[in-house]
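See structure below.
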Amino acid sequence: MINAPLPFFDDRSRSVDMLVLHCTAGTAAQTLQILHKLNLSAHYIIDLNGDIYQCVDESKRAWHAGVGFWRGEDCGLNDRSVGIEICSLSLGQTPYAPIQIQALIPLCLDIIGRHKIVPQNIVGHSDIAPVRKPDPGKAFPWRQLAQAGIGLWPQGNLAKISDVAALLSDIGYDTRTPHALQASAYAFCRRFAPQFVTTISDPKILVDNFLPSDNGFMSDETFVQTLRAVAWTYQNTL
């Protein structure tokens, strides 16, 4: 663990019950420069070579997630979360280096154990801010993490309903407006159905162009079935 303190934090007003995973299109050194420039922070950064940098103590509120929504709560989620930035030059559109995931898994398990975070509250930045953020991206290995005990992956059972908005809401996504619903459906795809997500080769373009131009995927049978399976898992995992 490399100590790389950032001054952008304050006190928490509530206990930690979420883990938010991000990515930044740069090395750890570049990410630190970006965070300094924007007066932002994360608790940890994982570099391209797997080195872990600690920037803010977990007892403090790092400034990493901003305004978000998850499982019915509309507020700044920094108060209740630990944030990890994982470096990815493609902004998560191409596979992460195995050495990064090998570093990430034990770090996540330690955080989850310390704070007793339920698997439904292991999220990506795009899950909680789908109209603003595309990270950690379509190539992030959510299934591998779930197999290691970090978050959830569908087990085969299906929710009885097929209403897309209701299913996304059951998982935790923001569905309160048509725009939020469409963005949340696409964020869901990044995590559970990446075949529906368009790859944009230039991450600088992706930052401002990450929402779909066509929402036809929302009526695709594979998308709906995957959504039903994930919703069942989220609703039936203690």
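By order in the structure tokens, chains are A, B, ...; within a chain, residues start at 1; ligands start at 1, following the order shown.
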Discussion item. List the spatial neighbours of Arg190 (chain A) as a list in words - criterion: any atom at most 8 Å away, only C-alpha atoms, same-chain residues fewer than 5 positions off excluded.
Written reply: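 My reading of the contact set: Gly137, Lys138, Ala139, Phe196 and Val197 of chain A.
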Practice prompt. Excluding Leu211 (chain A) and residues on its chain fewer than 4 positions from it, collect all residues at most 8 Å away from it, counting only C-alpha atoms, and give them as a PyMOL selection string.
Written response: chain A and resi 131+183+186
Please produce an output containing N, CA, C and O atoms for each residue in the selection, written as a PDB file, in the first residue's frame.
```
ATOM      1  N   VAL A 131     -26.814   8.954 -15.658  1.00  0.00           N
ATOM      2  CA  VAL A 131     -26.915  10.031 -16.657  1.00  0.00           C
ATOM      3  C   VAL A 131     -25.629  10.840 -16.753  1.00  0.00           C
ATOM      4  O   VAL A 131     -25.507  11.711 -17.616  1.00  0.00           O
ATOM      5  N   ALA A 183     -31.099   5.821 -19.184  1.00  0.00           N
ATOM      6  CA  ALA A 183     -29.697   5.810 -18.773  1.00  0.00           C
ATOM      7  C   ALA A 183     -29.422   4.645 -17.828  1.00  0.00           C
ATOM      8  O   ALA A 183     -28.373   3.996 -17.911  1.00  0.00           O
ATOM      9  N   TYR A 186     -29.114   1.382 -19.667  1.00  0.00           N
ATOM     10  CA  TYR A 186     -27.821   1.244 -20.327  1.00  0.00           C
ATOM     11  C   TYR A 186     -26.709   0.970 -19.316  1.00  0.00           C
ATOM     12  O   TYR A 186     -25.785   0.186 -19.588  1.00  0.00           O
TER      13      TYR A 186
END
```
Write out as CSV the residues of region 180-216 of chain A that have any atom within 12 Å of an atom of region 18-25 of chain A, one row each with the nearest atom pair and its distance in Å to one decimal, counting only C-alpha atoms, sorted by chain and then rising number.
```
residue,atom,partner,partner_atom,distance
A:Arg191,CA,A:Leu21,CA,11.8
A:Asp202,CA,A:Ala25,CA,10.2
A:Pro203,CA,A:Ala25,CA,7.1
A:Lys204,CA,A:Ala25,CA,8.6
A:Ile205,CA,A:Ala25,CA,11.7
A:Leu206,CA,A:Ala25,CA,10.6
A:Val207,CA,A:Ala25,CA,9.9
```
Practice prompt. Point out the residue among A:Lys133, A:Lys116, A:Arg61, A:His125 with the least atom-to-atom distance to Phe210 (chain A), counting only C-alpha atoms.
Written response: A:Lys133
Item to complete: List the neighbours of Leu48 (chain A) out to 10 Å using only C-alpha atoms; skip same-chain residues closer than 4 positions along the sequence, and give me the result as a PyMOL selection string.
Response: chain A and resi 26-28+52+86-89+96-100
With only C-alpha atoms as the counted atoms, please give the residues lying no more than 8 Å from Ala62 (chain A), apart from itself and same-chain residues fewer than 4 positions off, as an mmCIF file with N, CA, C and O atoms, in the first residue's frame.
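Okay, this is what ended up in selection-v5.cif:
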```
data_model
loop_
_atom_site.group_PDB
_atom_site.id
_atom_site.type_symbol
_atom_site.label_atom_id
_atom_site.label_comp_id
_atom_site.auth_asym_id
_atom_site.auth_seq_id
_atom_site.Cartn_x
_atom_site.Cartn_y
_atom_site.Cartn_z
ATOM 1 N N PHE A 8 -8.720 16.509 -0.070
ATOM 2 C CA PHE A 8 -10.112 16.801 -0.385
ATOM 3 C C PHE A 8 -11.028 15.768 0.267
ATOM 4 O O PHE A 8 -11.428 14.766 -0.350
ATOM 5 N N PHE A 9 -11.362 16.006 1.515
ATOM 6 C CA PHE A 9 -12.248 15.120 2.267
ATOM 7 C C PHE A 9 -12.820 15.910 3.431
ATOM 8 O O PHE A 9 -12.364 17.007 3.751
ATOM 9 N N ASP A 10 -13.833 15.347 4.062
ATOM 10 C CA ASP A 10 -14.377 15.929 5.283
ATOM 11 C C ASP A 10 -14.956 14.810 6.140
ATOM 12 O O ASP A 10 -14.761 13.621 5.833
ATOM 13 N N LEU A 40 -10.977 16.809 -6.011
ATOM 14 C CA LEU A 40 -11.695 15.571 -5.756
ATOM 15 C C LEU A 40 -10.758 14.569 -5.104
ATOM 16 O O LEU A 40 -9.560 14.812 -4.956
ATOM 17 N N SER A 41 -11.312 13.429 -4.727
ATOM 18 C CA SER A 41 -10.487 12.402 -4.090
ATOM 19 C C SER A 41 -11.190 11.061 -4.183
ATOM 20 O O SER A 41 -12.366 10.961 -4.561
ATOM 21 N N ALA A 42 -10.467 10.018 -3.851
ATOM 22 C CA ALA A 42 -11.007 8.675 -3.653
ATOM 23 C C ALA A 42 -10.251 8.090 -2.477
ATOM 24 O O ALA A 42 -9.188 8.585 -2.095
ATOM 25 N N HIS A 43 -10.793 7.050 -1.895
ATOM 26 C CA HIS A 43 -10.073 6.425 -0.786
ATOM 27 C C HIS A 43 -8.860 5.653 -1.300
ATOM 28 O O HIS A 43 -7.797 5.670 -0.665
ATOM 29 N N VAL A 56 -7.273 8.671 1.046
ATOM 30 C CA VAL A 56 -8.108 9.180 2.130
ATOM 31 C C VAL A 56 -8.411 8.028 3.066
ATOM 32 O O VAL A 56 -8.686 6.905 2.625
ATOM 33 N N ASN A 78 -21.378 10.077 -1.137
ATOM 34 C CA ASN A 78 -20.046 10.048 -0.538
ATOM 35 C C ASN A 78 -20.100 9.759 0.957
ATOM 36 O O ASN A 78 -19.202 9.098 1.497
ATOM 37 N N VAL A 82 -17.263 3.977 0.441
ATOM 38 C CA VAL A 82 -15.829 3.961 0.168
ATOM 39 C C VAL A 82 -15.670 3.924 -1.344
ATOM 40 O O VAL A 82 -16.377 3.171 -2.037
ATOM 41 N N GLY A 83 -14.767 4.753 -1.884
ATOM 42 C CA GLY A 83 -14.571 4.834 -3.321
ATOM 43 C C GLY A 83 -13.202 4.351 -3.754
ATOM 44 O O GLY A 83 -12.187 4.711 -3.154
#
```
Discussion item. For the structure I just gave you, how does DSSP split region 23-183 of chain A - specifically, which residues are strand (DSSP E)? Reply as a list in words.
Written reply: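 Put together, the selection reads Cys23, Thr24, Tyr44, Ile45, Ile46, Ile52, Tyr53, Gln54, Lys60, Arg61, Ala62, Val67, Gly68, Phe69, Trp70, Glu73, Asp74, Cys75, Gly76, Ser81, Val82, Gly83, Ile84, Glu85, Ile86, Cys87, Ile122, Val123 and Gly124 of chain A.
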Include C-alpha atoms and write out the residues we just selected as a short mmCIF file (atom, residue, chain, number, x, y, z; two decimals), in the first residue's frame.
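And here is the file that came out, out22.cif:
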```cif
data_model
loop_
_atom_site.label_atom_id
_atom_site.label_comp_id
_atom_site.auth_asym_id
_atom_site.auth_seq_id
_atom_site.Cartn_x
_atom_site.Cartn_y
_atom_site.Cartn_z
CA CYS A 23 -12.18 4.03 -13.31
CA THR A 24 -10.00 6.82 -14.66
CA TYR A 44 -7.93 4.21 -3.03
CA ILE A 45 -6.42 4.16 -6.52
CA ILE A 46 -5.28 0.94 -8.22
CA ILE A 52 -2.61 0.35 -4.49
CA TYR A 53 -2.50 3.99 -3.38
CA GLN A 54 -4.40 5.09 -0.28
CA LYS A 60 -13.42 10.18 6.25
CA ARG A 61 -15.77 11.23 3.47
CA ALA A 62 -13.84 11.28 0.21
CA VAL A 67 -24.85 13.30 -6.52
CA GLY A 68 -26.34 9.87 -7.01
CA PHE A 69 -29.28 7.57 -6.44
CA TRP A 70 -29.39 3.99 -5.26
CA GLU A 73 -32.08 7.14 -1.73
CA ASP A 74 -31.45 10.35 -3.64
CA CYS A 75 -28.53 12.19 -2.10
CA GLY A 76 -24.79 12.62 -2.18
CA SER A 81 -19.43 4.95 0.70
CA VAL A 82 -15.83 3.96 0.17
CA GLY A 83 -14.57 4.83 -3.32
CA ILE A 84 -11.94 3.02 -5.38
CA GLU A 85 -10.53 4.35 -8.66
CA ILE A 86 -9.12 1.67 -10.97
CA CYS A 87 -6.87 2.94 -13.75
CA ILE A 122 -21.50 -2.95 -4.30
CA VAL A 123 -21.91 -0.59 -7.26
CA GLY A 124 -20.17 1.05 -10.15
#
```
Worksheet item: Residues at most 6 Å from region 169-172 of chain A, counting only C-alpha atoms, excluding those fewer than 4 positions away in the same chain, as JSON, numbers by chain?
Response: {"A": [70, 71, 231, 234]}
As a JSON list (two decimals) with N, CA, C and O atoms, in the first residue's frame, please: the residues near Leu227 (chain A) (cut-off 10 Å, only C-alpha atoms, same-chain neighbours under 4 positions excluded).
```json
[["chain", "number", "residue", "atom", "x", "y", "z"],
["A", 154, "PRO", "N", -26.46, -12.93, -11.51],
["A", 154, "PRO", "CA", -27.70, -13.72, -11.57],
["A", 154, "PRO", "C", -27.46, -15.22, -11.48],
["A", 154, "PRO", "O", -26.49, -15.73, -12.04],
["A", 158, "LEU", "N", -35.87, -16.25, -12.32],
["A", 158, "LEU", "CA", -36.38, -15.05, -12.96],
["A", 158, "LEU", "C", -37.47, -14.40, -12.12],
["A", 158, "LEU", "O", -38.33, -15.09, -11.56],
["A", 159, "ALA", "N", -37.42, -13.07, -12.05],
["A", 159, "ALA", "CA", -38.53, -12.34, -11.45],
["A", 159, "ALA", "C", -39.80, -12.60, -12.26],
["A", 159, "ALA", "O", -39.74, -12.83, -13.47],
["A", 162, "SER", "N", -42.17, -8.50, -15.99],
["A", 162, "SER", "CA", -41.28, -8.18, -17.12],
["A", 162, "SER", "C", -41.20, -6.69, -17.37],
["A", 162, "SER", "O", -40.61, -6.27, -18.37],
["A", 163, "ASP", "N", -41.77, -5.88, -16.49],
["A", 163, "ASP", "CA", -41.75, -4.44, -16.65],
["A", 163, "ASP", "C", -40.34, -3.91, -16.39],
["A", 163, "ASP", "O", -39.82, -4.04, -15.28],
["A", 164, "VAL", "N", -39.74, -3.30, -17.41],
["A", 164, "VAL", "CA", -38.34, -2.88, -17.32],
["A", 164, "VAL", "C", -38.13, -1.87, -16.20],
["A", 164, "VAL", "O", -37.19, -1.99, -15.41],
["A", 167, "LEU", "N", -38.37, -3.53, -12.74],
["A", 167, "LEU", "CA", -37.24, -4.42, -12.47],
["A", 167, "LEU", "C", -35.98, -3.63, -12.15],
["A", 167, "LEU", "O", -35.25, -3.96, -11.20],
["A", 168, "LEU", "N", -35.71, -2.59, -12.93],
["A", 168, "LEU", "CA", -34.55, -1.75, -12.64],
["A", 168, "LEU", "C", -34.67, -1.10, -11.27],
["A", 168, "LEU", "O", -33.69, -1.03, -10.51],
["A", 171, "ILE", "N", -33.79, -3.45, -8.47],
["A", 171, "ILE", "CA", -32.35, -3.62, -8.28],
["A", 171, "ILE", "C", -31.76, -2.45, -7.51],
["A", 171, "ILE", "O", -30.90, -2.63, -6.66],
["A", 185, "ALA", "N", -31.04, 1.80, -17.71],
["A", 185, "ALA", "CA", -31.06, 0.56, -18.48],
["A", 185, "ALA", "C", -29.72, 0.32, -19.16],
["A", 185, "ALA", "O", -29.23, -0.82, -19.22],
["A", 188, "PHE", "N", -27.17, -0.66, -16.57],
["A", 188, "PHE", "CA", -27.38, -2.08, -16.28],
["A", 188, "PHE", "C", -26.67, -2.94, -17.32],
["A", 188, "PHE", "O", -26.02, -3.95, -16.98],
["A", 189, "CYS", "N", -26.78, -2.56, -18.60],
["A", 189, "CYS", "CA", -26.12, -3.33, -19.65],
["A", 189, "CYS", "C", -24.61, -3.34, -19.48],
["A", 189, "CYS", "O", -23.96, -4.38, -19.70],
["A", 192, "PHE", "N", -24.21, -6.06, -16.71],
["A", 192, "PHE", "CA", -24.75, -7.41, -16.84],
["A", 192, "PHE", "C", -24.98, -7.87, -18.27],
["A", 192, "PHE", "O", -25.16, -9.07, -18.49],
["A", 193, "ALA", "N", -25.00, -6.96, -19.24],
["A", 193, "ALA", "CA", -25.26, -7.35, -20.63],
["A", 193, "ALA", "C", -24.44, -6.47, -21.57],
["A", 193, "ALA", "O", -24.97, -5.70, -22.37],
["A", 218, "MET", "N", -33.89, -2.16, -25.05],
["A", 218, "MET", "CA", -34.75, -2.29, -23.87],
["A", 218, "MET", "C", -35.92, -3.23, -24.12],
["A", 218, "MET", "O", -36.55, -3.70, -23.16],
["A", 221, "GLU", "N", -35.39, -9.45, -26.07],
["A", 221, "GLU", "CA", -35.75, -10.54, -25.15],
["A", 221, "GLU", "C", -34.58, -10.93, -24.24],
["A", 221, "GLU", "O", -34.77, -11.21, -23.05],
["A", 222, "THR", "N", -33.36, -10.94, -24.78],
["A", 222, "THR", "CA", -32.20, -11.29, -23.96],
["A", 222, "THR", "C", -31.99, -10.26, -22.86],
["A", 222, "THR", "O", -31.70, -10.61, -21.71],
["A", 223, "PHE", "N", -32.14, -8.98, -23.19],
["A", 223, "PHE", "CA", -32.02, -7.94, -22.18],
["A", 223, "PHE", "C", -33.07, -8.13, -21.08],
["A", 223, "PHE", "O", -32.75, -8.08, -19.89],
["A", 231, "ALA", "N", -32.77, -8.99, -11.22],
["A", 231, "ALA", "CA", -33.72, -8.47, -10.23],
["A", 231, "ALA", "C", -34.10, -9.54, -9.21],
["A", 231, "ALA", "O", -34.19, -9.26, -8.01],
["A", 232, "TRP", "N", -34.32, -10.76, -9.68],
["A", 232, "TRP", "CA", -34.64, -11.85, -8.74],
["A", 232, "TRP", "C", -33.49, -12.04, -7.76],
["A", 232, "TRP", "O", -33.72, -12.17, -6.54],
["A", 233, "THR", "N", -32.27, -12.03, -8.25],
["A", 233, "THR", "CA", -31.10, -12.25, -7.39],
["A", 233, "THR", "C", -30.98, -11.13, -6.36],
["A", 233, "THR", "O", -30.72, -11.40, -5.19]]
```
